[in-house]
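> My structure is below; once you've seen it, I'll send some questions.
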There are 2 protein chains.
Amino acid sequence: MLANSSAAKQLTKKAPVFAALGDETRLSLLLQLGEGSLYSITQLAEGRPQTRQAIRKHLQILEDVALVRAVRRGREHLFQLQPESLEAAAQSLEAISLQWEDALQRLKTFVEE
Amino acid sequence: MLANSSAAKQLTKKAPVFAALGDETRLSLLLQLGEGSLYSITQLAEGRPQTRQAIRKHLQILEDVALVRAVRRGREHLFQLQPESLEAAAQSLEAISLQWEDALQRLKTFVEE
DNA sequence: ATAACATGCAACCCAAAGGTTGCACAATGG
DNA sequence: CCATTGTGCAACCTTTGGGTTGCATGTTAT
(Lines give C-alpha, C1' and ligand atoms only; values in the text may rest on other atoms or scores of the structure.)
Protein backbone atom coordinates (compact mmCIF):
# COMPACT_ATOMS: atom_id res chain seq x y z
CA MET A 1 0.00 0.00 0.00
CA LEU A 2 1.36 3.43 -0.88
CA ALA A 3 0.08 4.95 2.33
CA ASN A 4 2.62 2.89 4.25
CA SER A 5 5.73 3.91 2.42
CA SER A 6 4.80 7.59 2.42
CA ALA A 7 4.07 7.44 6.13
CA ALA A 8 7.43 5.77 6.53
CA LYS A 9 9.21 8.55 4.68
CA GLN A 10 7.82 11.10 7.13
CA LEU A 11 9.22 9.08 9.98
CA THR A 12 12.54 10.84 10.46
CA LYS A 13 10.65 14.03 11.31
CA LYS A 14 9.33 12.33 14.41
CA ALA A 15 12.74 11.78 15.97
CA PRO A 16 12.17 14.58 18.53
CA VAL A 17 9.00 12.85 19.75
CA PHE A 18 10.84 9.58 20.37
CA ALA A 19 13.71 11.47 21.93
CA ALA A 20 11.21 13.04 24.33
CA LEU A 21 9.95 9.56 25.14
CA GLY A 22 13.46 8.27 25.68
CA ASP A 23 13.84 9.28 29.30
CA GLU A 24 12.66 7.43 32.40
CA THR A 25 11.50 10.52 34.22
CA ARG A 26 9.45 11.74 31.28
CA LEU A 27 7.88 8.34 30.70
CA SER A 28 6.96 8.27 34.36
CA LEU A 29 5.41 11.72 34.06
CA LEU A 30 3.35 10.56 31.09
CA LEU A 31 2.17 7.60 33.15
CA GLN A 32 1.04 9.86 35.96
CA LEU A 33 -0.71 12.16 33.51
CA GLY A 34 -2.33 9.11 31.95
CA GLU A 35 -4.36 8.71 35.13
CA GLY A 36 -6.65 11.30 33.67
CA SER A 37 -6.48 14.25 36.03
CA LEU A 38 -4.72 17.58 35.68
CA TYR A 39 -1.53 18.09 37.64
CA SER A 40 0.42 21.21 38.52
CA ILE A 41 4.20 21.34 38.24
CA THR A 42 4.61 21.17 42.00
CA GLN A 43 2.27 18.19 42.22
CA LEU A 44 4.18 16.38 39.49
CA ALA A 45 7.45 17.07 41.25
CA GLU A 46 6.24 15.72 44.60
CA GLY A 47 7.66 12.32 45.50
CA ARG A 48 10.28 12.46 42.76
CA PRO A 49 14.02 12.55 43.37
CA GLN A 50 14.54 15.64 41.19
CA THR A 51 13.97 19.31 41.78
CA ARG A 52 10.80 21.10 40.71
CA GLN A 53 12.89 22.98 38.16
CA ALA A 54 14.19 19.76 36.67
CA ILE A 55 10.66 18.40 36.37
CA ARG A 56 9.61 21.65 34.76
CA LYS A 57 12.26 21.22 32.09
CA HIS A 58 11.01 17.71 31.37
CA LEU A 59 7.45 18.97 31.06
CA GLN A 60 8.63 21.66 28.66
CA ILE A 61 10.24 19.02 26.47
CA LEU A 62 7.05 16.96 26.47
CA GLU A 63 5.03 20.05 25.64
CA ASP A 64 7.36 21.01 22.78
CA VAL A 65 6.51 17.79 20.97
CA ALA A 66 2.81 18.01 21.92
CA LEU A 67 2.79 14.89 24.06
CA VAL A 68 1.37 17.08 26.80
CA ARG A 69 -0.67 20.26 27.00
CA ALA A 70 -0.56 23.02 29.61
CA VAL A 71 -3.32 25.33 30.77
CA ARG A 72 -3.09 28.06 33.39
CA ARG A 73 -5.41 28.25 36.36
CA GLY A 74 -4.60 31.21 38.51
CA ARG A 75 -1.05 30.97 39.73
CA GLU A 76 -0.65 27.35 38.77
CA HIS A 77 0.20 25.62 35.55
CA LEU A 78 -1.87 22.50 34.93
CA PHE A 79 -0.71 19.75 32.61
CA GLN A 80 -2.70 17.08 30.83
CA LEU A 81 -1.90 14.23 28.49
CA GLN A 82 -2.37 14.62 24.74
CA PRO A 83 -3.09 11.04 23.69
CA GLU A 84 -3.35 11.80 19.97
CA SER A 85 0.39 12.39 19.84
CA LEU A 86 1.04 9.08 21.54
CA GLU A 87 -1.18 7.32 19.02
CA ALA A 88 0.63 9.03 16.18
CA ALA A 89 3.99 7.90 17.50
CA ALA A 90 2.74 4.33 17.92
CA GLN A 91 1.47 4.30 14.34
CA SER A 92 4.82 5.48 13.03
CA LEU A 93 6.44 2.42 14.54
CA GLU A 94 3.74 0.17 13.17
CA ALA A 95 4.46 1.65 9.75
CA ILE A 96 7.99 0.26 9.73
CA SER A 97 6.76 -3.15 10.83
CA LEU A 98 4.19 -3.14 8.05
CA GLN A 99 6.82 -2.16 5.52
CA TRP A 100 8.85 -5.13 6.71
CA GLU A 101 5.91 -7.52 6.49
CA ASP A 102 5.15 -6.30 2.97
CA ALA A 103 8.75 -6.81 1.92
CA LEU A 104 8.76 -10.36 3.23
CA GLN A 105 5.49 -11.07 1.49
CA ARG A 106 6.83 -9.82 -1.83
CA LEU A 107 9.95 -11.92 -1.38
CA LYS A 108 7.89 -15.00 -0.63
CA THR A 109 5.70 -14.46 -3.69
CA PHE A 110 8.78 -13.98 -5.85
CA VAL A 111 10.36 -17.20 -4.66
CA GLU A 112 7.19 -19.19 -5.24
CA GLU A 113 6.93 -18.17 -8.90
CA MET B 1 -8.39 -3.73 32.75
CA LEU B 2 -5.52 -4.83 35.00
CA ALA B 3 -3.37 -5.88 32.07
CA ASN B 4 -3.15 -2.25 30.98
CA SER B 5 -1.94 -0.75 34.19
CA SER B 6 0.65 -3.47 34.76
CA ALA B 7 1.92 -3.02 31.25
CA ALA B 8 2.04 0.69 31.96
CA LYS B 9 4.14 0.20 35.08
CA GLN B 10 6.79 -1.60 33.05
CA LEU B 11 6.98 1.34 30.71
CA THR B 12 9.87 3.22 32.25
CA LYS B 13 12.13 0.27 31.53
CA LYS B 14 11.66 0.93 27.83
CA ALA B 15 13.18 4.37 27.92
CA PRO B 16 16.38 3.13 26.21
CA VAL B 17 14.35 1.81 23.30
CA PHE B 18 12.67 5.15 22.73
CA ALA B 19 15.98 6.92 23.21
CA ALA B 20 17.40 4.72 20.45
CA LEU B 21 14.47 5.73 18.26
CA GLY B 22 14.99 9.40 19.04
CA ASP B 23 17.57 10.12 16.38
CA GLU B 24 17.04 10.94 12.72
CA THR B 25 19.93 8.86 11.48
CA ARG B 26 18.84 5.78 13.39
CA LEU B 27 15.21 6.13 12.27
CA SER B 28 16.49 6.38 8.72
CA LEU B 29 18.57 3.23 9.21
CA LEU B 30 15.52 1.39 10.50
CA LEU B 31 13.60 2.52 7.44
CA GLN B 32 16.28 1.17 5.13
CA LEU B 33 16.40 -2.10 7.05
CA GLY B 34 12.61 -2.22 6.82
CA GLU B 35 12.98 -2.84 3.10
CA GLY B 36 13.58 -6.42 4.03
CA SER B 37 17.07 -7.21 2.88
CA LEU B 38 20.25 -7.61 4.85
CA TYR B 39 22.76 -4.78 4.76
CA SER B 40 26.41 -4.60 5.73
CA ILE B 41 27.82 -1.69 7.69
CA THR B 42 29.52 -0.28 4.63
CA GLN B 43 26.33 -0.57 2.60
CA LEU B 44 24.35 1.21 5.29
CA ALA B 45 26.94 3.97 5.45
CA GLU B 46 26.90 4.57 1.68
CA GLY B 47 25.09 7.72 0.63
CA ARG B 48 24.96 9.06 4.15
CA PRO B 49 26.71 12.20 5.34
CA GLN B 50 28.41 10.46 8.28
CA THR B 51 31.43 8.22 8.52
CA ARG B 52 31.20 4.45 8.50
CA GLN B 53 32.34 4.47 12.13
CA ALA B 54 29.55 6.83 13.11
CA ILE B 55 26.99 4.60 11.39
CA ARG B 56 28.48 1.62 13.17
CA LYS B 57 27.91 3.30 16.53
CA HIS B 58 24.29 3.95 15.62
CA LEU B 59 23.84 0.32 14.64
CA GLN B 60 25.36 -0.75 17.93
CA ILE B 61 22.83 1.36 19.82
CA LEU B 62 19.99 -0.14 17.81
CA GLU B 63 21.34 -3.62 18.46
CA ASP B 64 21.70 -2.98 22.19
CA VAL B 65 17.95 -2.46 22.47
CA ALA B 66 17.20 -5.33 20.07
CA LEU B 67 15.64 -3.15 17.40
CA VAL B 68 18.11 -4.74 15.03
CA ARG B 69 20.02 -7.98 14.82
CA ALA B 70 23.46 -8.67 13.39
CA VAL B 71 24.82 -11.83 11.78
CA ARG B 72 28.29 -12.40 10.37
CA ARG B 73 28.87 -13.60 6.83
CA GLY B 74 32.55 -13.94 6.13
CA ARG B 75 34.27 -10.63 6.58
CA GLU B 76 31.07 -8.65 6.68
CA HIS B 77 28.56 -7.88 9.37
CA LEU B 78 24.96 -8.07 8.11
CA PHE B 79 22.12 -6.30 9.88
CA GLN B 80 18.43 -6.97 9.77
CA LEU B 81 15.35 -5.46 11.35
CA GLN B 82 13.80 -7.03 14.44
CA PRO B 83 10.14 -6.03 14.02
CA GLU B 84 8.99 -7.62 17.30
CA SER B 85 10.81 -4.91 19.23
CA LEU B 86 9.13 -2.22 17.19
CA GLU B 87 5.75 -3.76 17.86
CA ALA B 88 6.51 -3.94 21.57
CA ALA B 89 7.46 -0.27 21.64
CA ALA B 90 4.29 0.68 19.77
CA GLN B 91 2.19 -1.29 22.24
CA SER B 92 3.79 0.46 25.19
CA LEU B 93 2.61 3.77 23.81
CA GLU B 94 -0.84 2.39 23.16
CA ALA B 95 -0.93 1.28 26.79
CA ILE B 96 -0.75 4.87 28.03
CA SER B 97 -3.46 5.95 25.63
CA LEU B 98 -5.67 3.11 26.84
CA GLN B 99 -5.02 4.04 30.45
CA TRP B 100 -6.15 7.56 29.58
CA GLU B 101 -9.28 6.37 27.81
CA ASP B 102 -10.16 4.18 30.78
CA ALA B 103 -9.71 7.06 33.17
CA LEU B 104 -11.99 9.27 31.12
CA GLN B 105 -14.56 6.52 30.90
CA ARG B 106 -14.57 6.07 34.68
CA LEU B 107 -14.90 9.81 35.14
CA LYS B 108 -17.82 9.94 32.73
CA THR B 109 -19.60 7.07 34.47
CA PHE B 110 -19.04 8.72 37.83
CA VAL B 111 -20.54 12.03 36.66
CA GLU B 112 -23.57 10.32 35.15
CA GLU B 113 -24.51 8.61 38.41
C1' DA C 1 51.56 -14.39 -0.82
C1' DT C 2 49.56 -10.04 -1.18
C1' DA C 3 46.60 -6.34 -2.45
C1' DA C 4 42.01 -4.97 -1.53
C1' DC C 5 38.06 -4.82 1.29
C1' DA C 6 35.03 -4.87 5.65
C1' DT C 7 35.53 -4.02 10.28
C1' DG C 8 37.16 -3.18 15.04
C1' DC C 9 39.15 -0.25 18.43
C1' DA C 10 40.78 3.92 20.82
C1' DA C 11 41.60 8.71 21.57
C1' DC C 12 39.77 12.92 21.15
C1' DC C 13 36.32 17.03 20.35
C1' DC C 14 32.33 19.75 20.91
C1' DA C 15 27.53 20.44 21.74
C1' DA C 16 23.54 19.02 24.06
C1' DA C 17 21.13 16.89 28.12
C1' DG C 18 19.96 16.46 32.78
C1' DG C 19 20.54 18.40 36.98
C1' DT C 20 21.39 21.92 40.64
C1' DT C 21 21.28 26.47 43.26
C1' DG C 22 19.72 31.12 43.91
C1' DC C 23 16.64 34.68 43.36
C1' DA C 24 12.89 37.40 41.32
C1' DC C 25 7.93 37.63 40.46
C1' DA C 26 2.88 36.85 40.29
C1' DA C 27 -1.36 35.18 42.55
C1' DT C 28 -3.85 33.97 46.94
C1' DG C 29 -5.64 33.75 51.48
C1' DG C 30 -6.15 35.46 55.81
C1' DC D 1 -1.19 44.44 53.71
C1' DC D 2 1.81 40.51 54.09
C1' DA D 3 3.22 35.88 54.45
C1' DT D 4 2.72 31.99 51.56
C1' DT D 5 2.53 29.32 47.54
C1' DG D 6 3.43 28.19 42.56
C1' DT D 7 6.37 29.55 38.96
C1' DG D 8 9.83 31.61 35.88
C1' DC D 9 14.50 32.60 34.73
C1' DA D 10 19.53 32.42 34.57
C1' DA D 11 24.06 30.75 35.60
C1' DC D 12 26.57 26.96 36.23
C1' DC D 13 28.29 22.01 36.39
C1' DT D 14 28.99 17.25 34.82
C1' DT D 15 27.87 13.45 31.91
C1' DT D 16 26.36 11.68 27.70
C1' DG D 17 25.96 11.70 22.61
C1' DG D 18 27.18 12.18 17.96
C1' DG D 19 31.00 12.69 15.24
C1' DT D 20 35.83 12.48 13.58
C1' DT D 21 40.66 10.72 12.57
C1' DG D 22 44.12 7.18 12.65
C1' DC D 23 45.59 2.72 12.74
C1' DA D 24 45.35 -2.34 13.70
C1' DT D 25 43.09 -6.75 12.43
C1' DG D 26 40.60 -10.31 9.95
C1' DT D 27 39.02 -12.08 5.17
C1' DT D 28 38.83 -12.64 0.52
C1' DA D 29 40.06 -13.00 -4.20
C1' DT D 30 43.80 -13.40 -7.56
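Simple scheme: letters A, B, ... for chains in C-alpha coordinates order, numbers from 1 for residues in each chain, numbers from 1 for ligands in the order shown.
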If you run DSSP on the backbone here, which positions in stretch 5-108 of chain A get helix (DSSP H, G or I)? Please write them as a ChimeraX atom specification.

/A:5-9,11-21,24-33,41-45,52-64,83-108

> List every residue of stretch 6-108 of chain B that has an atom at most 9 Å from any atom of stretch 5-25 of chain C, giving for each one its closest atom pair and the distance in Å to one decimal, counting only C-alpha atoms (C1' of nucleotides), sorted by chain and then by ascending residue number, as a tab-separated table.


```
residue	atom	partner	partner_atom	distance
B:Ser40	CA	C:DA6	C1'	8.6
B:Ile41	CA	C:DA6	C1'	8.1
B:Thr42	CA	C:DA6	C1'	7.2
B:Arg75	CA	C:DA6	C1'	5.9
B:Glu76	CA	C:DA6	C1'	5.6
B:His77	CA	C:DT7	C1'	8.0
```

> Apply DSSP to the backbone of this structure and, from chain B, keep only the residues in strand (DSSP E or B); write these as a ChimeraX atom specification.

/B:39-40,68-73,76-81

> Using N, CA and C atoms, can you export the residues from the last selection as a tab-separated table (two decimals), in the first residue's frame?


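See again-v1.tsv below for the written result:
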```tsv
chain	number	residue	atom	x	y	z
B	39	TYR	N	21.81	-5.78	5.20
B	39	TYR	CA	22.76	-4.78	4.76
B	39	TYR	C	24.02	-4.84	5.62
B	40	SER	N	25.15	-4.68	4.98
B	40	SER	CA	26.41	-4.60	5.73
B	40	SER	C	26.60	-3.17	6.23
B	68	VAL	N	17.39	-4.26	16.19
B	68	VAL	CA	18.11	-4.74	15.03
B	68	VAL	C	18.96	-5.93	15.45
B	69	ARG	N	19.23	-6.80	14.50
B	69	ARG	CA	20.02	-7.98	14.82
B	69	ARG	C	21.15	-8.11	13.81
B	70	ALA	N	22.31	-8.59	14.27
B	70	ALA	CA	23.46	-8.67	13.39
B	70	ALA	C	23.92	-10.12	13.25
B	71	VAL	N	24.25	-10.51	12.03
B	71	VAL	CA	24.82	-11.83	11.78
B	71	VAL	C	26.07	-11.65	10.92
B	72	ARG	N	27.05	-12.51	11.14
B	72	ARG	CA	28.29	-12.40	10.37
B	72	ARG	C	28.25	-13.30	9.15
B	73	ARG	N	28.69	-12.77	8.02
B	73	ARG	CA	28.87	-13.60	6.83
B	73	ARG	C	30.25	-13.28	6.28
B	76	GLU	N	32.02	-9.74	6.47
B	76	GLU	CA	31.07	-8.65	6.68
B	76	GLU	C	30.03	-8.94	7.76
B	77	HIS	N	29.49	-7.86	8.26
B	77	HIS	CA	28.56	-7.88	9.37
B	77	HIS	C	27.19	-7.45	8.83
B	78	LEU	N	26.26	-8.40	8.72
B	78	LEU	CA	24.96	-8.07	8.11
B	78	LEU	C	23.90	-7.78	9.17
B	79	PHE	N	23.16	-6.71	8.93
B	79	PHE	CA	22.12	-6.30	9.88
B	79	PHE	C	20.73	-6.52	9.28
B	80	GLN	N	19.82	-6.87	10.20
B	80	GLN	CA	18.43	-6.97	9.77
B	80	GLN	C	17.51	-6.44	10.86
B	81	LEU	N	16.34	-6.03	10.43
B	81	LEU	CA	15.35	-5.46	11.35
B	81	LEU	C	14.80	-6.53	12.28
```

> To one decimal place, how far is atom CA of B:Arg48 from atom CA of B:Leu33 in Å?

14.4 Å

> Counting only C-alpha atoms, collect the residues of chain B whose closest atom lies at most 10 Å from chain A, and write them out as a PyMOL selection string.

chain B and resi 5+8-37+81-107

> Counting only C-alpha atoms (C1' of nucleotides), figure out which residue out of B:Ile61, B:Leu38, B:Val111, B:Ala45 gets nearest to chain C.

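For chain C, the nearest of the given residues is B:Ala45.
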
> What residues in chain B have any atom no more than 10 Å from chain D when counting only C-alpha atoms (C1' of nucleotides), and can you write them as an MDAnalysis selection string?

chainID B and resid 23 50:51 53:55 57:58 74:76

> Quick one: pull the distance between atom CA of A:Ala66 and atom CA of A:Arg52, Å, one decimal.

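Separation between atom CA of A:Ala66 and atom CA of A:Arg52: 20.7 Å.
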
> Please report the interatomic distance between atom CA of B:Arg56 and atom CA of B:Gln43 in Å with one decimal.

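A separation of 11.0 Å between them.
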